[in-house]
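**Student:** Here it is: the structure, laid out below.
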Amino acid sequence: MSVDVAISVRGVTKTYAEGSAGTPALNGVSLDIRRGELTLMMGPSGSGKTTLLSIMGCILRPSAGTVMVAGQDVTHLDEGKMPAVRLKHIGFVFQGFNLFPTLTAGENVELSLELKGFKPSQAKSEARHLMEIVGLGDKYNEFPRNLSGGQKQRVAVARAVAGSPEVILADEPTAALDSHSGRTVLDVLRQLARQQQRAVVVVTHDNRILEFGDRMIRIEDGLIAAQ
Amino acid sequence: MPPLARRNLFHDKIRLMVTLNGIVFAVVLIVVELGLFTGFTTATSGVMDHSQADLWIAARSTPYVDQAVDFNERKFYQVLATPGVADAQKYIVRWTEWKQPNGRTESVEVIGLDPNKSFGLPWNIVTGDVQQLKQPHAVMVDVIYKQKLGVHNVGDWFEIRGHRAKVVGFTQGIRAFTTAPYVFTTFKNAQEFAQFNQNQTNFVLVKAVPSADLAKLKAELQRRLPDNDVYLTREFAAKTNHYWMFTTGAGISVLMAAGLGLVVGIVVVTQTIYATTMDHIREFGTLKAMGAPNSYVYRVIITQATIAAVMGYVLAVVVSLFVILGGAKSGAPIQVGWQLLVSMFFVTVGMCVLAAIVSIKKVMGLDPAMVFRG
């Protein structure tokens with residue numbers, strides 16, 4: 001695995017149990033996700049995008065094939081060790097933001113840092129820095145309910161990159177945003193990929209953000225149709 | 001760590017009120033039911049528990065204190081002559097009838113005692129003095145039953161089984177388990193009020209010499225009085241408790257109410273805490289997806305439950321005190337000691353943590369992939 005490759009997927013299949021037959025979601029997918037790139041993953045609903053994202057994020061296990069994350073084979077990793085891999089190597093950005101509504105924007109980022117072992121004072125100063133990077137330095141003490149959709153998603157991005165994971169996986173990050181906010185969020189993700197050498201994967205249906213991708217992977221019927 | 005547990009609890013004030021309401025309701029229910037149970041239990045044996053006598057002698061096979069058969073008071077002299085006995089007194093406990101000047105009657109339980117003794121006396125006297133019982137026709141009643149007995153002041157006159165009775169003092173908080181209030185008077189008066197023959201009593205109370213071995217003294221008295229039963233005071237109290245609690249419908253219903261209160265309380269608290277945790281299920285899913293260790297998620301849920309438990313407990317104690325004060329003015333004997341309150345603190349925290357553990361099972365079963373499902 002090249003040093004530039006953050007995630008390597010080889011021959012991955014995934015079948016969801018459904019009665020005696022089972023429903024195939026992925027049919028032998030192989031790809032590499034490289035550092036310093038923003039990779040767009042597109043495809044129709046039910047094509048297997050989110051399943052692939054979940055497997056790359058160590059949330060789902062493949063039915064067959066191998067998955068390497070940051071040089072570590074996680075295919076057969078013990079279930080109890082998967083959270084630690086996610087915590088150390090992967091940051092998530094969710095379609096619905098998934099911020100903790102009872103914590104301020106800054107505290108959402110602090111929580112992620114403290115889970116990764118930062119001391120409270122370090123976490124606070126690092127969280128302030130990350131909030132500045134995503135352009136929300138002045139919103140540190142605001143609760144999520146007082147932020148716009150775009151601002152919430154940028155807080156979610158700051159939380160995802162907290163602790164410098166190699167990989168950022170974003171699931172439809174612009175789906176709930178207007179065009180301007182969506183572009184702002186993608187711009188932040190692209191900068192993170194390029195300036196901090198993160199591997200960023202964005203699952204999307206949104207054709208408006210194609211220009212932000214360094215690379216585009218198209219998935220159809222559980223297979224990579226184009227890349 | 002940012003105080004996620006505390007914030008989860010305090011963020012939504014209405015939800016917090018609902019949670020606390022559930023806990024307060026449950027704790028008050030349990031405290032009051034157990035307090036009633038303790039109060040009733042104590043009331044059944046109050047006369048014995050406060051007698052300061054070492055031994056009680058009753059007619060053979062007396063089932064409980066309120067239903068003792070008469071026996072000849074000659075036994076009293078046999079008791080006094082027994083080595084190890086420091087003092088003794090003839091003592092009457094017997095239901096009779098109290099008649100108000102307006103003709104209304106009430107059942108009462110007359111207690112005949114010797115005011116010159118240091119034991120077997122009324123306790124918690126708030127008006128008058130036990131020596132005043134030596135006056136002709138003198139009785140003492142409890143302030144709780146003033147209204148029931150139609151008593152207004154010291155000096156009021158009544159009639160007990162056709163004999164005049166004058167109130168010379170009041171006790172406070174001496175409740176009877178039954179609806180019949182206690183009326184304290186001298187042994188001689190009690191013989192008249194309860195229509196005893198002049199040479200009859202239904203108990204002899206014994207005070208042993210300080211160095212006496214009570215078990216041996218009991219055995220010796222039993223040997224000398226083969227037609228009577230001799231009990232250590234705590235044995236007779238337990239026998240009376242047992243009778244009222246387990247062989248009458250009243251006791252069983254109090255016991256069942258206490259048990260039901262405990263069960264309902266536990267169910268209410270469990271559901272409340274479970275619902276509070278489930279309100280934040282998506283956030284726990286997010287934490288799991290982010291890779292937060294299970295220990296952290298457990299900690300958040302248990303801390304949340306513990307804070308709710310402590311707050312709910314404090315509020316419940318305040319509410320319970322109002323209920324207890326209300327009960328003190330009525331005939332409902334809610335007896336809540338510090339032991340019950342301390343125990344309830346641990347029961348409350350335990351119930352909440354148990355409920356949290358039930359919800360933890362649910363959270364641990366969460367599929368982290370839920371966070372990708374919109």
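By order of appearance in the structure tokens: chains A, B, ..., then residues from 1 within every chain, and ligands from 1 in the order shown.
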Would you kindly return, as a list in words, each protein, DNA or RNA residue with an atom no farther than 7 Å from any atom of Val269 of chain B, considering only C-alpha atoms and excluding same-chain residues fewer than 4 positions away?
**Tutor:**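 In the requested format, the answer is Gly22, Ile23, Ala26, Gly265, Ile273, Met351 and Cys352 of chain B.
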**Student:** Using only C-alpha atoms, which chain B residues lie at most 10 Å away from chain A, written as a ChimeraX atom specification?
**Tutor:** /B:1-12,280,282-294,296,367-374
**Student:** Please, could you write that set of residues out with C-alpha atoms as a short mmCIF file (atom, residue, chain, number, x, y, z; two decimals), in the first residue's frame?
**Tutor:**
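Below you can see again-v4.cif, which holds the result:
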```cif
data_model
loop_
_atom_site.label_atom_id
_atom_site.label_comp_id
_atom_site.auth_asym_id
_atom_site.auth_seq_id
_atom_site.Cartn_x
_atom_site.Cartn_y
_atom_site.Cartn_z
CA MET B 1 -14.91 16.38 29.01
CA PRO B 2 -17.71 18.80 28.21
CA PRO B 3 -20.52 18.04 30.67
CA LEU B 4 -22.68 16.10 28.23
CA ALA B 5 -24.65 14.23 30.91
CA ARG B 6 -25.52 17.35 32.88
CA ARG B 7 -26.36 19.30 29.73
CA ASN B 8 -28.53 16.49 28.38
CA LEU B 9 -30.50 16.65 31.59
CA PHE B 10 -30.82 20.42 32.01
CA HIS B 11 -31.04 21.47 28.38
CA ASP B 12 -34.75 20.75 28.00
CA HIS B 280 -30.78 11.18 23.31
CA ARG B 282 -29.29 9.54 18.26
CA GLU B 283 -26.53 11.35 20.10
CA PHE B 284 -25.36 8.11 21.66
CA GLY B 285 -25.38 6.61 18.15
CA THR B 286 -23.20 9.50 16.99
CA LEU B 287 -20.81 8.96 19.89
CA LYS B 288 -20.54 5.28 18.96
CA ALA B 289 -19.96 6.11 15.29
CA MET B 290 -17.24 8.59 16.27
CA GLY B 291 -15.53 5.79 18.12
CA ALA B 292 -16.22 6.88 21.69
CA PRO B 293 -15.36 4.01 24.05
CA ASN B 294 -18.32 2.21 25.61
CA TYR B 296 -17.64 6.91 28.11
CA ASP B 367 -25.99 0.03 15.04
CA PRO B 368 -23.56 2.93 14.56
CA ALA B 369 -24.58 2.90 10.90
CA MET B 370 -27.86 4.51 12.08
CA VAL B 371 -26.08 7.85 11.79
CA PHE B 372 -26.03 7.46 8.00
CA ARG B 373 -29.77 6.97 7.83
CA GLY B 374 -30.74 10.63 7.70
#
```
**Student:** With distances taken over only C-alpha atoms, which residue among A:Ser30, A:Leu186, A:Ser45, A:Gly22 lies nearest Glu220 of chain A?
**Tutor:**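 Distance minimum relative to Glu220 of chain A lands on A:Ser45.
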**Student:** Just want the 12 Å neighbourhood of Gly327 of chain B, counted on only C-alpha atoms, with same-chain residues fewer than 5 positions away dropped. Output as a PDB file with all heavy atoms, in the first residue's frame.
**Tutor:**
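Final output, saved to around.pdb:
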```pdb
ATOM      1  N   VAL B  32     -44.028   7.253  51.560  1.00  0.00           N
ATOM      2  CA  VAL B  32     -45.296   7.321  52.295  1.00  0.00           C
ATOM      3  C   VAL B  32     -45.819   5.905  52.604  1.00  0.00           C
ATOM      4  O   VAL B  32     -46.242   5.623  53.723  1.00  0.00           O
ATOM      5  CB  VAL B  32     -46.336   8.151  51.516  1.00  0.00           C
ATOM      6  CG1 VAL B  32     -47.722   8.019  52.141  1.00  0.00           C
ATOM      7  CG2 VAL B  32     -45.918   9.613  51.498  1.00  0.00           C
ATOM      8  N   GLU B  33     -45.742   5.025  51.615  1.00  0.00           N
ATOM      9  CA  GLU B  33     -46.242   3.659  51.845  1.00  0.00           C
ATOM     10  C   GLU B  33     -45.404   2.942  52.908  1.00  0.00           C
ATOM     11  O   GLU B  33     -45.948   2.300  53.795  1.00  0.00           O
ATOM     12  CB  GLU B  33     -46.237   2.853  50.546  1.00  0.00           C
ATOM     13  CG  GLU B  33     -47.262   3.302  49.507  1.00  0.00           C
ATOM     14  CD  GLU B  33     -48.702   3.053  49.930  1.00  0.00           C
ATOM     15  OE1 GLU B  33     -48.927   2.506  51.015  1.00  0.00           O
ATOM     16  OE2 GLU B  33     -49.606   3.457  49.176  1.00  0.00           O
ATOM     17  N   GLY B  35     -43.598   4.449  55.129  1.00  0.00           N
ATOM     18  CA  GLY B  35     -43.832   5.201  56.363  1.00  0.00           C
ATOM     19  C   GLY B  35     -45.128   4.763  57.027  1.00  0.00           C
ATOM     20  O   GLY B  35     -45.193   4.636  58.253  1.00  0.00           O
ATOM     21  N   LEU B  36     -46.148   4.536  56.205  1.00  0.00           N
ATOM     22  CA  LEU B  36     -47.416   4.043  56.750  1.00  0.00           C
ATOM     23  C   LEU B  36     -47.230   2.654  57.351  1.00  0.00           C
ATOM     24  O   LEU B  36     -47.725   2.358  58.442  1.00  0.00           O
ATOM     25  CB  LEU B  36     -48.477   3.972  55.638  1.00  0.00           C
ATOM     26  CG  LEU B  36     -49.236   5.270  55.343  1.00  0.00           C
ATOM     27  CD1 LEU B  36     -50.038   5.122  54.060  1.00  0.00           C
ATOM     28  CD2 LEU B  36     -50.145   5.646  56.500  1.00  0.00           C
ATOM     29  N   GLY B  39     -45.342   3.037  60.469  1.00  0.00           N
ATOM     30  CA  GLY B  39     -46.222   3.668  61.450  1.00  0.00           C
ATOM     31  C   GLY B  39     -47.220   2.683  62.014  1.00  0.00           C
ATOM     32  O   GLY B  39     -47.413   2.606  63.234  1.00  0.00           O
ATOM     33  N   ILE B 144     -54.203  13.856  69.109  1.00  0.00           N
ATOM     34  CA  ILE B 144     -54.651  13.454  67.770  1.00  0.00           C
ATOM     35  C   ILE B 144     -56.138  13.092  67.786  1.00  0.00           C
ATOM     36  O   ILE B 144     -56.841  13.309  66.810  1.00  0.00           O
ATOM     37  CB  ILE B 144     -53.844  12.230  67.284  1.00  0.00           C
ATOM     38  CG1 ILE B 144     -52.376  12.584  67.132  1.00  0.00           C
ATOM     39  CG2 ILE B 144     -54.403  11.706  65.968  1.00  0.00           C
ATOM     40  CD1 ILE B 144     -51.502  11.356  66.967  1.00  0.00           C
ATOM     41  N   GLY B 173     -49.047  12.060  69.763  1.00  0.00           N
ATOM     42  CA  GLY B 173     -48.468  11.103  68.810  1.00  0.00           C
ATOM     43  C   GLY B 173     -48.605   9.655  69.223  1.00  0.00           C
ATOM     44  O   GLY B 173     -47.970   8.781  68.634  1.00  0.00           O
ATOM     45  N   ARG B 175     -50.564   6.792  68.743  1.00  0.00           N
ATOM     46  CA  ARG B 175     -51.661   6.299  67.915  1.00  0.00           C
ATOM     47  C   ARG B 175     -51.933   4.835  68.219  1.00  0.00           C
ATOM     48  O   ARG B 175     -51.019   4.072  68.519  1.00  0.00           O
ATOM     49  CB  ARG B 175     -51.280   6.399  66.438  1.00  0.00           C
ATOM     50  CG  ARG B 175     -51.258   7.795  65.905  1.00  0.00           C
ATOM     51  CD  ARG B 175     -51.035   7.722  64.411  1.00  0.00           C
ATOM     52  NE  ARG B 175     -51.184   9.011  63.789  1.00  0.00           N
ATOM     53  CZ  ARG B 175     -50.215   9.892  63.713  1.00  0.00           C
ATOM     54  NH1 ARG B 175     -49.033   9.613  64.229  1.00  0.00           N
ATOM     55  NH2 ARG B 175     -50.418  11.054  63.122  1.00  0.00           N
ATOM     56  N   SER B 320     -42.387  14.761  50.705  1.00  0.00           N
ATOM     57  CA  SER B 320     -42.749  13.749  51.714  1.00  0.00           C
ATOM     58  C   SER B 320     -42.941  14.389  53.089  1.00  0.00           C
ATOM     59  O   SER B 320     -43.831  13.998  53.838  1.00  0.00           O
ATOM     60  CB  SER B 320     -41.671  12.671  51.815  1.00  0.00           C
ATOM     61  OG  SER B 320     -41.551  12.004  50.599  1.00  0.00           O
ATOM     62  N   LEU B 321     -42.073  15.378  53.406  1.00  0.00           N
ATOM     63  CA  LEU B 321     -42.196  16.027  54.716  1.00  0.00           C
ATOM     64  C   LEU B 321     -43.554  16.699  54.860  1.00  0.00           C
ATOM     65  O   LEU B 321     -44.176  16.640  55.931  1.00  0.00           O
ATOM     66  CB  LEU B 321     -41.073  17.051  54.911  1.00  0.00           C
ATOM     67  CG  LEU B 321     -39.691  16.453  55.182  1.00  0.00           C
ATOM     68  CD1 LEU B 321     -38.635  17.540  55.287  1.00  0.00           C
ATOM     69  CD2 LEU B 321     -39.698  15.623  56.466  1.00  0.00           C
ATOM     70  N   PHE B 322     -44.011  17.314  53.765  1.00  0.00           N
ATOM     71  CA  PHE B 322     -45.346  17.937  53.811  1.00  0.00           C
ATOM     72  C   PHE B 322     -46.424  16.871  54.034  1.00  0.00           C
ATOM     73  O   PHE B 322     -47.352  17.071  54.814  1.00  0.00           O
ATOM     74  CB  PHE B 322     -45.629  18.706  52.521  1.00  0.00           C
ATOM     75  CG  PHE B 322     -44.969  20.064  52.504  1.00  0.00           C
ATOM     76  CD1 PHE B 322     -43.875  20.306  51.692  1.00  0.00           C
ATOM     77  CD2 PHE B 322     -45.438  21.097  53.309  1.00  0.00           C
ATOM     78  CE1 PHE B 322     -43.253  21.546  51.678  1.00  0.00           C
ATOM     79  CE2 PHE B 322     -44.827  22.344  53.309  1.00  0.00           C
ATOM     80  CZ  PHE B 322     -43.726  22.567  52.491  1.00  0.00           C
ATOM     81  N   ALA B 332     -53.493   9.146  60.331  1.00  0.00           N
ATOM     82  CA  ALA B 332     -52.621   8.286  59.514  1.00  0.00           C
ATOM     83  C   ALA B 332     -51.199   8.320  60.061  1.00  0.00           C
ATOM     84  O   ALA B 332     -50.544   9.352  60.000  1.00  0.00           O
ATOM     85  CB  ALA B 332     -52.632   8.765  58.072  1.00  0.00           C
ATOM     86  N   PRO B 333     -50.748   7.227  60.620  1.00  0.00           N
ATOM     87  CA  PRO B 333     -49.430   7.228  61.244  1.00  0.00           C
ATOM     88  C   PRO B 333     -48.304   7.006  60.235  1.00  0.00           C
ATOM     89  O   PRO B 333     -47.860   5.885  60.038  1.00  0.00           O
ATOM     90  CB  PRO B 333     -49.517   6.070  62.235  1.00  0.00           C
ATOM     91  CG  PRO B 333     -50.483   5.121  61.606  1.00  0.00           C
ATOM     92  CD  PRO B 333     -51.387   5.894  60.711  1.00  0.00           C
ATOM     93  N   ILE B 334     -47.837   8.055  59.574  1.00  0.00           N
ATOM     94  CA  ILE B 334     -46.710   7.901  58.645  1.00  0.00           C
ATOM     95  C   ILE B 334     -45.436   8.123  59.440  1.00  0.00           C
ATOM     96  O   ILE B 334     -45.170   9.233  59.888  1.00  0.00           O
ATOM     97  CB  ILE B 334     -46.798   8.922  57.491  1.00  0.00           C
ATOM     98  CG1 ILE B 334     -48.147   8.814  56.786  1.00  0.00           C
ATOM     99  CG2 ILE B 334     -45.666   8.697  56.491  1.00  0.00           C
ATOM    100  CD1 ILE B 334     -48.416   9.932  55.815  1.00  0.00           C
ATOM    101  N   GLN B 335     -44.707   7.074  59.633  1.00  0.00           N
ATOM    102  CA  GLN B 335     -43.507   7.189  60.460  1.00  0.00           C
ATOM    103  C   GLN B 335     -42.264   7.007  59.594  1.00  0.00           C
ATOM    104  O   GLN B 335     -42.010   5.915  59.101  1.00  0.00           O
ATOM    105  CB  GLN B 335     -43.545   6.141  61.571  1.00  0.00           C
ATOM    106  CG  GLN B 335     -42.477   6.393  62.610  1.00  0.00           C
ATOM    107  CD  GLN B 335     -42.703   5.526  63.831  1.00  0.00           C
ATOM    108  OE1 GLN B 335     -43.822   5.376  64.295  1.00  0.00           O
ATOM    109  NE2 GLN B 335     -41.634   4.944  64.329  1.00  0.00           N
ATOM    110  N   VAL B 336     -41.557   8.102  59.411  1.00  0.00           N
ATOM    111  CA  VAL B 336     -40.377   8.055  58.552  1.00  0.00           C
ATOM    112  C   VAL B 336     -39.164   8.468  59.376  1.00  0.00           C
ATOM    113  O   VAL B 336     -39.011   9.635  59.724  1.00  0.00           O
ATOM    114  CB  VAL B 336     -40.544   8.995  57.330  1.00  0.00           C
ATOM    115  CG1 VAL B 336     -39.303   8.964  56.452  1.00  0.00           C
ATOM    116  CG2 VAL B 336     -41.766   8.586  56.521  1.00  0.00           C
TER     117      VAL B 336
END
```
**Student:** I'd like the neighbourhood of Ile7 of chain A as a list in words, where a residue qualifies if any of its atoms comes within 9 Å (using only C-alpha atoms), though same-chain residues fewer than 5 positions away should be ignored.
**Tutor:**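 Within the cut-off, the hits are Met1, Leu31, Asp32, Ile33, Arg34, Arg35, Met56, Val67, Met68, Val69, Ala70, Gly71, Val167 and Ala199 of chain A.
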**Student:** Between atom CA of Arg234 of chain B and atom CA of Phe203 of chain B, what is the distance, to one decimal in Å?
**Tutor:**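 If I compute the distance from atom CA of Arg234 of chain B to atom CA of Phe203 of chain B, I get 15.2 Å.
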**Student:** Check the DSSP output for the backbone and give back, as a PyMOL selection string, the residues of segment 59-256 of chain B in alpha helix (DSSP H).
**Tutor:** chain B and resi 74-80+146-149+187-193+214-224+233-246+249-256
**Student:** Taking N, CA and C atoms for each residue, export the selection above as a short mmCIF file (atom, residue, chain, number, x, y, z; two decimals), in the first residue's frame.
**Tutor:**
```cif
data_model
loop_
_atom_site.label_atom_id
_atom_site.label_comp_id
_atom_site.auth_asym_id
_atom_site.auth_seq_id
_atom_site.Cartn_x
_atom_site.Cartn_y
_atom_site.Cartn_z
N ARG B 74 -53.74 -12.27 92.23
CA ARG B 74 -52.82 -12.95 93.17
C ARG B 74 -51.51 -13.28 92.50
N LYS B 75 -51.57 -13.53 91.20
CA LYS B 75 -50.34 -13.84 90.44
C LYS B 75 -49.31 -12.71 90.57
N PHE B 76 -49.85 -11.50 90.72
CA PHE B 76 -48.97 -10.34 90.84
C PHE B 76 -48.06 -10.50 92.06
N TYR B 77 -48.60 -11.01 93.13
CA TYR B 77 -47.79 -11.16 94.35
C TYR B 77 -46.78 -12.30 94.19
N GLN B 78 -47.17 -13.31 93.45
CA GLN B 78 -46.21 -14.39 93.16
C GLN B 78 -45.04 -13.85 92.35
N VAL B 79 -45.36 -12.95 91.44
CA VAL B 79 -44.31 -12.34 90.61
C VAL B 79 -43.37 -11.53 91.50
N LEU B 80 -43.94 -10.70 92.35
CA LEU B 80 -43.12 -9.85 93.21
C LEU B 80 -42.19 -10.67 94.11
N LYS B 146 -58.47 14.23 69.91
CA LYS B 146 -59.35 15.19 70.60
C LYS B 146 -60.71 15.30 69.90
N GLN B 147 -60.63 15.51 68.58
CA GLN B 147 -61.88 15.71 67.84
C GLN B 147 -62.75 14.46 67.88
N LYS B 148 -62.08 13.32 67.64
CA LYS B 148 -62.82 12.05 67.61
C LYS B 148 -63.55 11.79 68.94
N LEU B 149 -62.87 12.16 70.05
CA LEU B 149 -63.45 11.90 71.37
C LEU B 149 -64.28 13.07 71.89
N PHE B 187 -54.89 1.89 87.32
CA PHE B 187 -55.33 0.49 87.26
C PHE B 187 -56.73 0.35 87.85
N LYS B 188 -56.95 1.04 88.97
CA LYS B 188 -58.26 0.92 89.65
C LYS B 188 -59.37 1.48 88.76
N ASN B 189 -59.10 2.67 88.17
CA ASN B 189 -60.11 3.24 87.25
C ASN B 189 -60.38 2.29 86.09
N ALA B 190 -59.29 1.74 85.56
CA ALA B 190 -59.43 0.87 84.40
C ALA B 190 -60.29 -0.34 84.72
N GLN B 191 -60.14 -0.85 85.93
CA GLN B 191 -60.98 -2.00 86.33
C GLN B 191 -62.46 -1.63 86.21
N GLU B 192 -62.77 -0.38 86.58
CA GLU B 192 -64.17 0.05 86.48
C GLU B 192 -64.56 0.32 85.03
N PHE B 193 -63.70 1.07 84.35
CA PHE B 193 -64.01 1.45 82.96
C PHE B 193 -64.17 0.22 82.06
N LEU B 214 -32.43 -12.08 81.89
CA LEU B 214 -33.86 -12.03 81.58
C LEU B 214 -34.40 -13.37 81.11
N ALA B 215 -33.58 -14.12 80.39
CA ALA B 215 -34.05 -15.42 79.90
C ALA B 215 -34.31 -16.36 81.08
N LYS B 216 -33.39 -16.31 82.04
CA LYS B 216 -33.55 -17.18 83.22
C LYS B 216 -34.75 -16.73 84.06
N LEU B 217 -34.89 -15.41 84.20
CA LEU B 217 -36.01 -14.87 84.98
C LEU B 217 -37.34 -15.24 84.32
N LYS B 218 -37.33 -15.14 83.00
CA LYS B 218 -38.55 -15.51 82.26
C LYS B 218 -38.90 -16.98 82.53
N ALA B 219 -37.88 -17.83 82.46
CA ALA B 219 -38.10 -19.26 82.67
C ALA B 219 -38.61 -19.53 84.09
N GLU B 220 -38.04 -18.82 85.04
CA GLU B 220 -38.45 -19.02 86.44
C GLU B 220 -39.90 -18.58 86.65
N LEU B 221 -40.24 -17.41 86.08
CA LEU B 221 -41.62 -16.92 86.21
C LEU B 221 -42.59 -17.89 85.52
N GLN B 222 -42.17 -18.41 84.39
CA GLN B 222 -43.04 -19.34 83.66
C GLN B 222 -43.26 -20.61 84.48
N ARG B 223 -42.18 -21.02 85.19
CA ARG B 223 -42.29 -22.22 86.04
C ARG B 223 -43.27 -21.98 87.19
N ARG B 224 -43.21 -20.77 87.76
CA ARG B 224 -44.08 -20.45 88.90
C ARG B 224 -45.52 -20.15 88.47
N THR B 233 -40.39 -8.33 76.69
CA THR B 233 -41.21 -7.27 76.09
C THR B 233 -41.12 -7.30 74.56
N ARG B 234 -39.90 -7.48 74.04
CA ARG B 234 -39.75 -7.46 72.58
C ARG B 234 -40.45 -8.66 71.93
N GLU B 235 -40.53 -9.79 72.67
CA GLU B 235 -41.23 -10.96 72.12
C GLU B 235 -42.73 -10.69 72.01
N PHE B 236 -43.26 -10.05 73.05
CA PHE B 236 -44.70 -9.80 73.05
C PHE B 236 -45.05 -8.74 71.99
N ALA B 237 -44.13 -7.76 71.84
CA ALA B 237 -44.33 -6.74 70.81
C ALA B 237 -44.33 -7.40 69.43
N ALA B 238 -43.38 -8.31 69.22
CA ALA B 238 -43.28 -8.99 67.93
C ALA B 238 -44.52 -9.86 67.68
N LYS B 239 -45.00 -10.51 68.73
CA LYS B 239 -46.19 -11.37 68.60
C LYS B 239 -47.41 -10.52 68.21
N THR B 240 -47.51 -9.35 68.84
CA THR B 240 -48.63 -8.46 68.52
C THR B 240 -48.51 -7.92 67.10
N ASN B 241 -47.27 -7.49 66.76
CA ASN B 241 -47.01 -7.03 65.37
C ASN B 241 -47.44 -8.09 64.38
N HIS B 242 -46.98 -9.28 64.63
CA HIS B 242 -47.23 -10.39 63.71
C HIS B 242 -48.73 -10.63 63.57
N TYR B 243 -49.43 -10.57 64.71
CA TYR B 243 -50.87 -10.81 64.66
C TYR B 243 -51.55 -9.79 63.74
N TRP B 244 -51.27 -8.51 64.01
CA TRP B 244 -51.96 -7.47 63.23
C TRP B 244 -51.53 -7.47 61.76
N MET B 245 -50.24 -7.72 61.55
CA MET B 245 -49.73 -7.61 60.18
C MET B 245 -50.11 -8.82 59.32
N PHE B 246 -50.13 -9.98 59.92
CA PHE B 246 -50.25 -11.18 59.07
C PHE B 246 -51.54 -11.98 59.27
N GLY B 249 -56.79 -8.60 57.89
CA GLY B 249 -56.83 -7.97 56.57
C GLY B 249 -56.16 -6.61 56.60
N ALA B 250 -56.28 -5.91 57.75
CA ALA B 250 -55.72 -4.56 57.83
C ALA B 250 -54.21 -4.58 57.63
N GLY B 251 -53.55 -5.48 58.36
CA GLY B 251 -52.10 -5.54 58.27
C GLY B 251 -51.63 -5.94 56.89
N ILE B 252 -52.30 -6.96 56.32
CA ILE B 252 -51.91 -7.45 55.00
C ILE B 252 -52.09 -6.34 53.96
N SER B 253 -53.17 -5.58 54.10
CA SER B 253 -53.41 -4.54 53.10
C SER B 253 -52.35 -3.44 53.20
N VAL B 254 -51.93 -3.12 54.43
CA VAL B 254 -50.86 -2.12 54.58
C VAL B 254 -49.57 -2.66 53.97
N LEU B 255 -49.31 -3.92 54.27
CA LEU B 255 -48.10 -4.56 53.74
C LEU B 255 -48.13 -4.60 52.21
N MET B 256 -49.30 -4.97 51.68
CA MET B 256 -49.41 -5.04 50.22
C MET B 256 -49.29 -3.66 49.59
#
```
**Student:** Quote the spacing between atom CA of Tyr91 of chain B and atom CA of Glu73 of chain B in Å to one decimal place.
**Tutor:**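 That distance, rounded to one decimal, is 9.9 Å.
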**Student:** Under the rule that only C-alpha atoms are counted, which of B:Val318, B:Ala165, B:Val69, B:Ala194 is the nearest residue to Ile111 of chain B?
**Tutor:**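 Distance minimum relative to Ile111 of chain B lands on B:Ala194.
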**Student:** Can you list, as a count of residues only, every protein, DNA or RNA residue that comes within 12 Å of Met216 of chain A when you count only C-alpha atoms, leaving out same-chain residues fewer than 6 positions away?
**Tutor:** 22
**Student:** Counting only C-alpha atoms, which of A:Gly163, A:Gly182, A:Gly222, A:Gly46 gets nearest to Arg198 of chain A?
**Tutor:** A:Gly163
**Student:** Identify all residues of segment 56-137 of chain B in strand (DSSP E) (DSSP on the backbone) and supply them as number ranges by chain.
**Tutor:** B: 56-59, 71-72, 85-99, 105-113, 125-127
**Student:** Using only C-alpha atoms, please write the residues we just selected to a file, as an mmCIF file, in the first residue's frame.
**Tutor:**
```cif
data_model
loop_
_atom_site.group_PDB
_atom_site.id
_atom_site.type_symbol
_atom_site.label_atom_id
_atom_site.label_comp_id
_atom_site.auth_asym_id
_atom_site.auth_seq_id
_atom_site.Cartn_x
_atom_site.Cartn_y
_atom_site.Cartn_z
ATOM 1 C CA TRP B 56 -44.988 -9.060 80.228
ATOM 2 C CA ILE B 57 -47.137 -11.729 81.826
ATOM 3 C CA ALA B 58 -50.473 -12.528 80.216
ATOM 4 C CA ALA B 59 -53.086 -15.251 80.423
ATOM 5 C CA PHE B 71 -56.595 -13.553 85.470
ATOM 6 C CA ASN B 72 -56.484 -13.308 89.222
ATOM 7 C CA VAL B 85 -37.829 -9.150 90.054
ATOM 8 C CA ALA B 86 -37.145 -5.556 91.088
ATOM 9 C CA ASP B 87 -40.701 -4.344 90.682
ATOM 10 C CA ALA B 88 -43.983 -5.268 89.027
ATOM 11 C CA GLN B 89 -47.361 -3.766 88.383
ATOM 12 C CA LYS B 90 -50.831 -4.927 87.468
ATOM 13 C CA TYR B 91 -51.727 -3.558 84.068
ATOM 14 C CA ILE B 92 -54.906 -3.482 82.026
ATOM 15 C CA VAL B 93 -55.346 -3.109 78.267
ATOM 16 C CA ARG B 94 -58.959 -3.506 77.243
ATOM 17 C CA TRP B 95 -61.451 -2.113 74.758
ATOM 18 C CA THR B 96 -64.376 -0.232 76.183
ATOM 19 C CA GLU B 97 -66.807 2.520 75.298
ATOM 20 C CA TRP B 98 -66.380 6.294 75.591
ATOM 21 C CA LYS B 99 -69.480 8.433 75.732
ATOM 22 C CA THR B 105 -70.091 6.943 71.681
ATOM 23 C CA GLU B 106 -66.656 5.811 70.499
ATOM 24 C CA SER B 107 -64.665 2.652 71.072
ATOM 25 C CA VAL B 108 -61.525 3.311 73.090
ATOM 26 C CA GLU B 109 -58.807 1.136 74.535
ATOM 27 C CA VAL B 110 -58.314 1.840 78.192
ATOM 28 C CA ILE B 111 -54.846 1.333 79.673
ATOM 29 C CA GLY B 112 -54.771 0.942 83.429
ATOM 30 C CA LEU B 113 -51.427 1.549 85.095
ATOM 31 C CA ILE B 125 -47.124 13.888 77.694
ATOM 32 C CA VAL B 126 -47.623 17.441 76.425
ATOM 33 C CA THR B 127 -50.224 18.678 78.895
#
```
